[in-house]
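Trainee: Sharing final-v8.cif below, mmCIF, C-alpha atoms:
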data_model
loop_
_atom_site.group_PDB
_atom_site.id
_atom_site.type_symbol
_atom_site.label_atom_id
_atom_site.label_comp_id
_atom_site.auth_asym_id
_atom_site.auth_seq_id
_atom_site.Cartn_x
_atom_site.Cartn_y
_atom_site.Cartn_z
ATOM 1 C CA MET A 1 -46.075 70.765 -5.036
ATOM 2 C CA ALA A 2 -42.666 69.084 -5.288
ATOM 3 C CA LYS A 3 -43.276 67.216 -2.024
ATOM 4 C CA ARG A 4 -46.663 66.025 -3.297
ATOM 5 C CA ARG A 5 -45.121 64.720 -6.504
ATOM 6 C CA TRP A 6 -42.390 62.996 -4.524
ATOM 7 C CA ARG A 7 -44.946 61.311 -2.279
ATOM 8 C CA THR A 8 -46.910 60.152 -5.341
ATOM 9 C CA LEU A 9 -43.752 58.696 -6.848
ATOM 10 C CA VAL A 10 -42.873 56.945 -3.581
ATOM 11 C CA CYS A 11 -46.370 55.463 -3.348
ATOM 12 C CA LEU A 12 -46.188 54.269 -6.947
ATOM 13 C CA LEU A 13 -42.780 52.673 -6.411
ATOM 14 C CA ALA A 14 -43.991 51.060 -3.196
ATOM 15 C CA SER A 15 -46.986 49.648 -5.032
ATOM 16 C CA VAL A 16 -44.805 48.169 -7.753
ATOM 17 C CA TRP A 17 -42.312 46.854 -5.182
ATOM 18 C CA SER A 18 -45.126 45.147 -3.253
ATOM 19 C CA LEU A 19 -45.889 43.155 -6.401
ATOM 20 C CA SER A 20 -42.330 41.820 -6.527
ATOM 21 C CA SER A 21 -42.083 38.084 -7.136
ATOM 22 C CA GLN A 22 -45.856 37.756 -7.261
ATOM 23 C CA THR A 23 -48.025 35.889 -9.723
ATOM 24 C CA ILE A 24 -51.273 36.063 -11.598
ATOM 25 C CA VAL A 25 -52.806 32.610 -11.946
ATOM 26 C CA ILE A 26 -55.157 31.463 -14.706
ATOM 27 C CA LEU A 27 -57.551 28.568 -14.116
ATOM 28 C CA GLY A 28 -59.685 27.014 -16.827
ATOM 29 C CA PRO A 29 -59.999 24.539 -19.697
ATOM 30 C CA SER A 30 -58.964 24.554 -23.364
ATOM 31 C CA THR A 31 -59.650 28.206 -24.209
ATOM 32 C CA ALA A 32 -57.382 29.340 -21.386
ATOM 33 C CA GLU A 33 -54.857 26.710 -22.466
ATOM 34 C CA GLY A 34 -54.862 28.209 -25.955
ATOM 35 C CA MET A 35 -56.785 25.809 -28.179
ATOM 36 C CA GLY A 36 -58.316 27.099 -31.402
ATOM 37 C CA VAL A 37 -55.575 29.455 -32.502
ATOM 38 C CA GLY A 38 -53.454 28.909 -35.596
ATOM 39 C CA ASN A 39 -50.470 30.570 -33.943
ATOM 40 C CA SER A 40 -49.923 29.556 -30.318
ATOM 41 C CA ASP A 41 -48.583 33.022 -29.510
ATOM 42 C CA SER A 42 -52.028 34.431 -30.378
ATOM 43 C CA ALA A 43 -53.749 32.640 -27.477
ATOM 44 C CA TRP A 44 -55.228 35.163 -25.074
ATOM 45 C CA ALA A 45 -53.338 33.797 -22.057
ATOM 46 C CA LYS A 46 -49.954 33.933 -23.792
ATOM 47 C CA ARG A 47 -50.601 37.448 -25.036
ATOM 48 C CA TYR A 48 -51.667 38.452 -21.545
ATOM 49 C CA CYS A 49 -48.492 36.964 -20.089
ATOM 50 C CA ARG A 50 -46.381 39.113 -22.416
ATOM 51 C CA HIS A 51 -48.498 42.168 -21.658
ATOM 52 C CA VAL A 52 -48.142 41.841 -17.886
ATOM 53 C CA HIS A 53 -44.415 41.122 -18.107
ATOM 54 C CA CYS A 54 -43.951 44.298 -20.137
ATOM 55 C CA LEU A 55 -45.687 46.378 -17.453
ATOM 56 C CA TYR A 56 -44.360 44.535 -14.390
ATOM 57 C CA PRO A 57 -41.333 42.371 -15.267
ATOM 58 C CA GLN A 58 -41.287 40.972 -11.740
ATOM 59 C CA ILE A 59 -44.751 39.425 -12.067
ATOM 60 C CA ARG A 60 -45.246 35.952 -13.494
ATOM 61 C CA VAL A 61 -48.423 34.673 -15.125
ATOM 62 C CA VAL A 62 -48.904 31.005 -14.230
ATOM 63 C CA ASN A 63 -51.382 29.191 -16.456
ATOM 64 C CA LEU A 64 -52.845 26.064 -14.805
ATOM 65 C CA ALA A 65 -55.539 25.531 -17.445
ATOM 66 C CA LYS A 66 -56.124 22.093 -18.949
ATOM 67 C CA ALA A 67 -58.335 21.103 -21.876
ATOM 68 C CA GLY A 68 -61.567 19.359 -20.944
ATOM 69 C CA TYR A 69 -61.730 20.726 -17.419
ATOM 70 C CA THR A 70 -64.889 22.022 -15.768
ATOM 71 C CA SER A 71 -65.528 24.238 -12.758
ATOM 72 C CA TYR A 72 -65.495 21.080 -10.617
ATOM 73 C CA HIS A 73 -61.824 20.476 -11.327
ATOM 74 C CA VAL A 74 -60.738 23.773 -9.744
ATOM 75 C CA MET A 75 -62.665 23.458 -6.504
ATOM 76 C CA PRO A 76 -60.613 23.495 -3.270
ATOM 77 C CA ASP A 77 -58.668 20.473 -2.063
ATOM 78 C CA ASN A 78 -60.676 17.899 -0.118
ATOM 79 C CA THR A 79 -63.964 18.923 -1.723
ATOM 80 C CA VAL A 80 -65.968 15.754 -2.309
ATOM 81 C CA PHE A 81 -68.888 15.543 -4.725
ATOM 82 C CA ARG A 82 -71.632 12.998 -4.836
ATOM 83 C CA GLY A 83 -72.492 11.215 -8.039
ATOM 84 C CA LYS A 84 -70.518 11.300 -11.251
ATOM 85 C CA ARG A 85 -68.763 14.606 -10.895
ATOM 86 C CA PRO A 86 -65.044 15.338 -11.430
ATOM 87 C CA GLN A 87 -62.964 15.632 -8.292
ATOM 88 C CA PRO A 88 -60.639 18.619 -7.774
ATOM 89 C CA ASP A 89 -57.222 18.470 -9.428
ATOM 90 C CA ARG A 90 -54.810 19.440 -6.673
ATOM 91 C CA GLN A 91 -52.228 20.532 -9.235
ATOM 92 C CA ARG A 92 -54.565 22.902 -11.088
ATOM 93 C CA ASN A 93 -57.288 24.048 -8.671
ATOM 94 C CA ILE A 94 -57.884 27.147 -6.554
ATOM 95 C CA THR A 95 -55.764 25.695 -3.743
ATOM 96 C CA ALA A 96 -52.868 25.186 -6.148
ATOM 97 C CA ALA A 97 -53.359 28.774 -7.325
ATOM 98 C CA PHE A 98 -52.805 30.072 -3.792
ATOM 99 C CA ARG A 99 -49.583 28.107 -3.498
ATOM 100 C CA GLN A 100 -48.253 30.504 -6.154
ATOM 101 C CA ASP A 101 -48.683 33.494 -3.794
ATOM 102 C CA PRO A 102 -50.978 35.280 -6.276
ATOM 103 C CA VAL A 103 -51.938 38.917 -6.534
ATOM 104 C CA ALA A 104 -54.797 37.910 -8.828
ATOM 105 C CA ILE A 105 -56.596 34.816 -10.094
ATOM 106 C CA ILE A 106 -58.529 34.616 -13.367
ATOM 107 C CA VAL A 107 -61.108 31.832 -13.542
ATOM 108 C CA ASN A 108 -62.014 31.184 -17.186
ATOM 109 C CA PHE A 109 -64.562 28.415 -17.709
ATOM 110 C CA ALA A 110 -66.063 28.676 -21.142
ATOM 111 C CA THR A 111 -68.651 26.028 -21.980
ATOM 112 C CA ASN A 112 -67.597 22.585 -20.739
ATOM 113 C CA ASP A 113 -69.912 22.446 -17.719
ATOM 114 C CA ILE A 114 -72.994 23.030 -19.835
ATOM 115 C CA ALA A 115 -71.750 20.762 -22.642
ATOM 116 C CA ASP A 116 -71.176 17.975 -20.086
ATOM 117 C CA GLY A 117 -74.740 18.272 -18.836
ATOM 118 C CA TYR A 118 -74.165 20.174 -15.590
ATOM 119 C CA SER A 119 -76.787 22.737 -14.662
ATOM 120 C CA VAL A 120 -76.382 26.497 -14.488
ATOM 121 C CA ASP A 121 -76.970 26.332 -10.733
ATOM 122 C CA GLU A 122 -74.163 23.789 -10.345
ATOM 123 C CA GLN A 123 -71.623 25.974 -12.082
ATOM 124 C CA LEU A 124 -72.742 29.078 -10.198
ATOM 125 C CA GLY A 125 -72.455 27.130 -6.959
ATOM 126 C CA ASN A 126 -68.919 26.098 -7.853
ATOM 127 C CA TYR A 127 -68.009 29.676 -8.726
ATOM 128 C CA CYS A 128 -69.408 30.884 -5.398
ATOM 129 C CA ALA A 129 -67.473 28.219 -3.493
ATOM 130 C CA THR A 130 -64.276 29.140 -5.340
ATOM 131 C CA VAL A 131 -64.704 32.852 -4.611
ATOM 132 C CA ARG A 132 -65.539 32.130 -0.972
ATOM 133 C CA TYR A 133 -62.431 29.967 -0.608
ATOM 134 C CA ALA A 134 -60.321 32.747 -2.123
ATOM 135 C CA ALA A 135 -61.732 35.315 0.302
ATOM 136 C CA GLU A 136 -61.254 33.061 3.333
ATOM 137 C CA THR A 137 -57.730 32.100 2.333
ATOM 138 C CA THR A 138 -56.774 35.714 1.695
ATOM 139 C CA SER A 139 -58.029 36.751 5.137
ATOM 140 C CA LEU A 140 -55.802 34.116 6.722
ATOM 141 C CA VAL A 141 -52.696 34.419 4.563
ATOM 142 C CA SER A 142 -52.490 38.058 3.488
ATOM 143 C CA PRO A 143 -55.267 40.206 4.973
ATOM 144 C CA GLN A 144 -53.399 43.406 4.090
ATOM 145 C CA ARG A 145 -53.171 42.495 0.389
ATOM 146 C CA PRO A 146 -56.456 41.166 -1.020
ATOM 147 C CA VAL A 147 -56.160 38.752 -3.928
ATOM 148 C CA ALA A 148 -58.163 39.991 -6.906
ATOM 149 C CA VAL A 149 -60.404 37.277 -8.356
ATOM 150 C CA ARG A 150 -62.030 37.666 -11.773
ATOM 151 C CA LEU A 151 -64.526 35.294 -13.344
ATOM 152 C CA THR A 152 -65.181 35.169 -17.068
ATOM 153 C CA THR A 153 -68.598 34.626 -18.527
ATOM 154 C CA PRO A 154 -68.989 31.625 -20.802
ATOM 155 C CA GLN A 155 -68.180 32.183 -24.427
ATOM 156 C CA PRO A 156 -70.593 31.152 -27.192
ATOM 157 C CA ARG A 157 -70.560 27.586 -28.492
ATOM 158 C CA ASN A 158 -72.525 25.886 -31.250
ATOM 159 C CA LEU A 159 -74.467 23.592 -28.935
ATOM 160 C CA ASN A 160 -78.091 22.568 -29.418
ATOM 161 C CA THR A 161 -80.839 25.073 -28.624
ATOM 162 C CA GLN A 162 -81.120 24.101 -24.955
ATOM 163 C CA GLY A 163 -77.376 24.206 -24.494
ATOM 164 C CA ARG A 164 -77.101 27.667 -25.995
ATOM 165 C CA HIS A 165 -79.963 28.939 -23.845
ATOM 166 C CA SER A 166 -78.200 27.559 -20.765
ATOM 167 C CA LEU A 167 -75.005 29.372 -21.727
ATOM 168 C CA MET A 168 -76.926 32.640 -22.054
ATOM 169 C CA GLU A 169 -78.602 32.035 -18.687
ATOM 170 C CA LEU A 170 -75.205 31.362 -17.142
ATOM 171 C CA ARG A 171 -73.793 34.521 -18.739
ATOM 172 C CA ASP A 172 -76.554 36.675 -17.247
ATOM 173 C CA SER A 173 -76.331 34.972 -13.853
ATOM 174 C CA ILE A 174 -72.580 35.525 -13.574
ATOM 175 C CA HIS A 175 -72.989 39.217 -14.399
ATOM 176 C CA ALA A 176 -75.809 39.557 -11.863
ATOM 177 C CA ARG A 177 -74.096 37.681 -9.046
ATOM 178 C CA PHE A 178 -70.472 38.759 -9.400
ATOM 179 C CA GLY A 179 -70.781 42.243 -10.901
ATOM 180 C CA ASP A 180 -67.409 43.965 -11.293
ATOM 181 C CA MET A 181 -65.580 40.682 -10.780
ATOM 182 C CA THR A 182 -66.910 39.547 -14.171
ATOM 183 C CA ILE A 183 -65.001 39.645 -17.456
ATOM 184 C CA ASP A 184 -67.234 39.588 -20.528
ATOM 185 C CA PHE A 185 -66.253 36.772 -22.911
ATOM 186 C CA TRP A 186 -69.581 36.846 -24.764
ATOM 187 C CA SER A 187 -70.516 40.238 -26.208
ATOM 188 C CA ASP A 188 -69.667 40.754 -29.897
ATOM 189 C CA ILE A 189 -68.249 37.209 -30.114
ATOM 190 C CA ALA A 190 -71.672 35.569 -30.112
ATOM 191 C CA GLN A 191 -74.505 35.670 -32.573
ATOM 192 C CA ARG A 192 -77.952 36.412 -31.212
ATOM 193 C CA ASP A 193 -78.757 32.688 -31.055
ATOM 194 C CA GLY A 194 -75.688 31.908 -28.942
ATOM 195 C CA ARG A 195 -73.525 30.466 -31.689
ATOM 196 C CA ILE A 196 -70.006 31.732 -32.357
ATOM 197 C CA ARG A 197 -69.802 34.447 -34.990
ATOM 198 C CA ARG A 198 -68.145 32.987 -38.071
ATOM 199 C CA VAL A 199 -65.332 35.524 -38.049
ATOM 200 C CA TYR A 200 -64.245 34.211 -34.619
ATOM 201 C CA ASN A 201 -64.977 30.499 -35.087
ATOM 202 C CA SER A 202 -61.887 28.286 -35.236
ATOM 203 C CA GLY A 203 -63.899 25.859 -37.345
ATOM 204 C CA ASP A 204 -65.036 23.373 -34.714
ATOM 205 C CA GLY A 205 -67.950 25.374 -33.308
ATOM 206 C CA THR A 206 -66.346 25.232 -29.856
ATOM 207 C CA HIS A 207 -63.107 27.192 -29.834
ATOM 208 C CA LEU A 208 -62.222 30.701 -30.941
ATOM 209 C CA ASN A 209 -59.626 31.484 -33.584
ATOM 210 C CA ASP A 210 -56.773 33.986 -33.361
ATOM 211 C CA LEU A 211 -59.153 36.929 -33.839
ATOM 212 C CA GLY A 212 -61.445 35.628 -31.127
ATOM 213 C CA HIS A 213 -58.579 35.155 -28.694
ATOM 214 C CA GLY A 214 -57.564 38.714 -29.496
ATOM 215 C CA VAL A 215 -60.940 39.938 -28.261
ATOM 216 C CA LEU A 216 -60.606 37.883 -25.060
ATOM 217 C CA PHE A 217 -57.128 39.313 -24.491
ATOM 218 C CA GLU A 218 -58.419 42.876 -24.788
ATOM 219 C CA ARG A 219 -61.248 42.118 -22.337
ATOM 220 C CA VAL A 220 -58.832 40.742 -19.741
ATOM 221 C CA VAL A 221 -56.505 43.708 -20.141
ATOM 222 C CA ALA A 222 -59.446 46.096 -19.707
ATOM 223 C CA ALA A 223 -60.342 44.371 -16.426
ATOM 224 C CA ASP A 224 -57.071 45.539 -14.807
ATOM 225 C CA VAL A 225 -56.894 42.320 -12.810
ATOM 226 C CA TRP A 226 -53.333 42.903 -11.580
ATOM 227 C CA ILE A 227 -54.224 46.223 -9.955
ATOM 228 C CA VAL A 228 -55.242 45.459 -6.394
ATOM 229 C CA GLY A 229 -55.954 47.692 -3.454
#
Is it possible to express this structure as structure tokens?

Mentor:
Amino acid sequence: MAKRRWRTLVCLLASVWSLSSQTIVILGPSTAEGMGVGNSDSAWAKRYCRHVHCLYPQIRVVNLAKAGYTSYHVMPDNTVFRGKRPQPDRQRNITAAFRQDPVAIIVNFATNDIADGYSVDEQLGNYCATVRYAAETTSLVSPQRPVAVRLTTPQPRNLNTQGRHSLMELRDSIHARFGDMTIDFWSDIAQRDGRIRRVYNSGDGTHLNDLGHGVLFERVVAADVWIVG
């Protein structure tokens, strides 16, 4: 029994040691950057940073989010799109995330793609390409330590009827396609018609307030994104 306990302790310490000097990277737009809150420390990403540091002081949370960004901005370097579509930001995209030697990457795109007129299929395609790039890069760089990737659903937004329906379609499609990789940023925050519940609305119909960010924080914590096999 004593030997078994010792082995368990050694395995636990080895697991924690393997996370030394590693990072969790957040990609996304204004919600991930922290807009909407009255107190900047209430933003879900900042709260998550403190939470992770408390559990694993050697792990950094690097937030590359920038207001106004869409899923196009975080596509891999050298991705070229036809037509009027944003090009990847090499300082804030999935390639930049891997330069941080991550143990996990959280991709949080809320509503900008739909609000900017991009289709559900476009955003899903970008998510698939981002996940595929992460898997391919992991197999080349660190095949023994998979990088955990988590994708959030959209959050509600007070768009027109078509826009809200598209957000709900995107929500369902992300759950269906990515399964356990998905973090739910919709349930309980949204009204049945896809608008933000008043208690969570920052006042602009787009961003969540401190209470809303608190819900997002709890959802990310529940996802255990820093625990990798």

Trainee: Can you work out the spacing between CA of Ile26 (chain A) and CA of Met75 (chain A) in Å, to one decimal?

Mentor: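 According to the coordinates, CA of Ile26 (chain A) and CA of Met75 (chain A) are separated by 13.7 Å.
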
Trainee: From the options A:Ile189, A:Leu167, A:Ala67, A:Ile105, which residue's atoms come nearest to Ser119 (chain A), counting all atoms listed in the file?

Mentor: A:Leu167

Trainee: How many Å separate CA of Ser42 (chain A) from CA of Ala115 (chain A)?

Mentor: 25.2 Å

Trainee: Pick the closest to Leu124 (chain A) from A:Ser71, A:Thr23, A:Gln191, A:Thr137: which is it, counting all atoms listed in the file?

Mentor: A:Ser71

Trainee: Show me the residues around (-66.8, 19.3, -25.3) - criterion: an atom at most 10 Å away, all atoms listed in the file counted - as a PDB file with C-alpha atoms, keeping the file's coordinate frame.

Mentor:
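Listing of result01.pdb after writing:
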ATOM      1  CA  SER A  30     -58.964  24.554 -23.364  1.00  0.00           C
ATOM      2  CA  ALA A  67     -58.335  21.103 -21.876  1.00  0.00           C
ATOM      3  CA  GLY A  68     -61.567  19.359 -20.944  1.00  0.00           C
ATOM      4  CA  TYR A  69     -61.730  20.726 -17.419  1.00  0.00           C
ATOM      5  CA  THR A 111     -68.651  26.028 -21.980  1.00  0.00           C
ATOM      6  CA  ASN A 112     -67.597  22.585 -20.739  1.00  0.00           C
ATOM      7  CA  ASP A 113     -69.912  22.446 -17.719  1.00  0.00           C
ATOM      8  CA  ILE A 114     -72.994  23.030 -19.835  1.00  0.00           C
ATOM      9  CA  ALA A 115     -71.750  20.762 -22.642  1.00  0.00           C
ATOM     10  CA  ASP A 116     -71.176  17.975 -20.086  1.00  0.00           C
ATOM     11  CA  ARG A 157     -70.560  27.586 -28.492  1.00  0.00           C
ATOM     12  CA  LEU A 159     -74.467  23.592 -28.935  1.00  0.00           C
ATOM     13  CA  THR A 206     -66.346  25.232 -29.856  1.00  0.00           C
ATOM     14  CA  HIS A 207     -63.107  27.192 -29.834  1.00  0.00           C
TER      15      HIS A 207
END

Trainee: Rounded to one decimal place, report the CA of Ser202 (chain A)-CA of Met168 (chain A) distance in Å.

Mentor: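 Separating CA of Ser202 (chain A) from CA of Met168 (chain A) is a distance of 20.5 Å.
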
Trainee: Restricting the calculation to all atoms listed in the file: of A:Ile174, A:Ala222, A:Val25, A:Leu211, which residue gets closest to Val37 (chain A)?

Mentor: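 Under the stated criterion, the closest residue is A:Leu211.
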
Trainee: Could you write out as a list in words the residues that the PyMOL selection byres ((chain A and resi 134) around 9) matches in the shown file?

Mentor: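 Checking the PyMOL selection byres ((chain A and resi 134) around 9) against this file, the residues are Ile94, Thr95, Phe98, Ala129, Thr130, Val131, Arg132, Tyr133, Ala135, Glu136, Thr137, Thr138, Ser139, Val147, Ala148 and Val149 of chain A.
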
Trainee: Identify, on the basis of only C-alpha atoms, every residue whose closest approach to Val220 (chain A) does not exceed 10 Å; exclude the query and any residue fewer than 6 positions from it along the same chain; express the result as a list in words.

Mentor: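 Once the nearby chain positions are removed, what remains is Trp44, Ala45, Tyr48, Ile106, Arg150, Thr152, Thr182, Ile183, Asp184 and Phe185 of chain A.
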
Trainee: Could you tell me, as a ChimeraX atom specification, exactly which residues end up selected when the PyMOL selection byres ((chain A and resi 31) around 9) is applied to this structure?

Mentor: /A:28-30,32-36,43-45,65-67,108-110,207-208,213

Trainee: Under the rule that only C-alpha atoms are counted, which of A:Ile196, A:Thr161, A:Glu122, A:Arg47 is the nearest residue to Arg219 (chain A)?

Mentor: A:Arg47

Trainee: Go through A:Thr70, A:Ala223, A:Arg192, A:Phe217 and flag the residue nearest His51 (chain A), using all atoms listed in the file for the distances.

Mentor: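 Smallest distance to His51 (chain A) is found for A:Phe217.
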
Trainee: Nearest to Val62 (chain A): which of A:Gln100, A:Asn78, A:Asn39, A:Gln123 is it, counting all atoms listed in the file?

Mentor: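 Selected residue with least distance to Val62 (chain A): A:Gln100.
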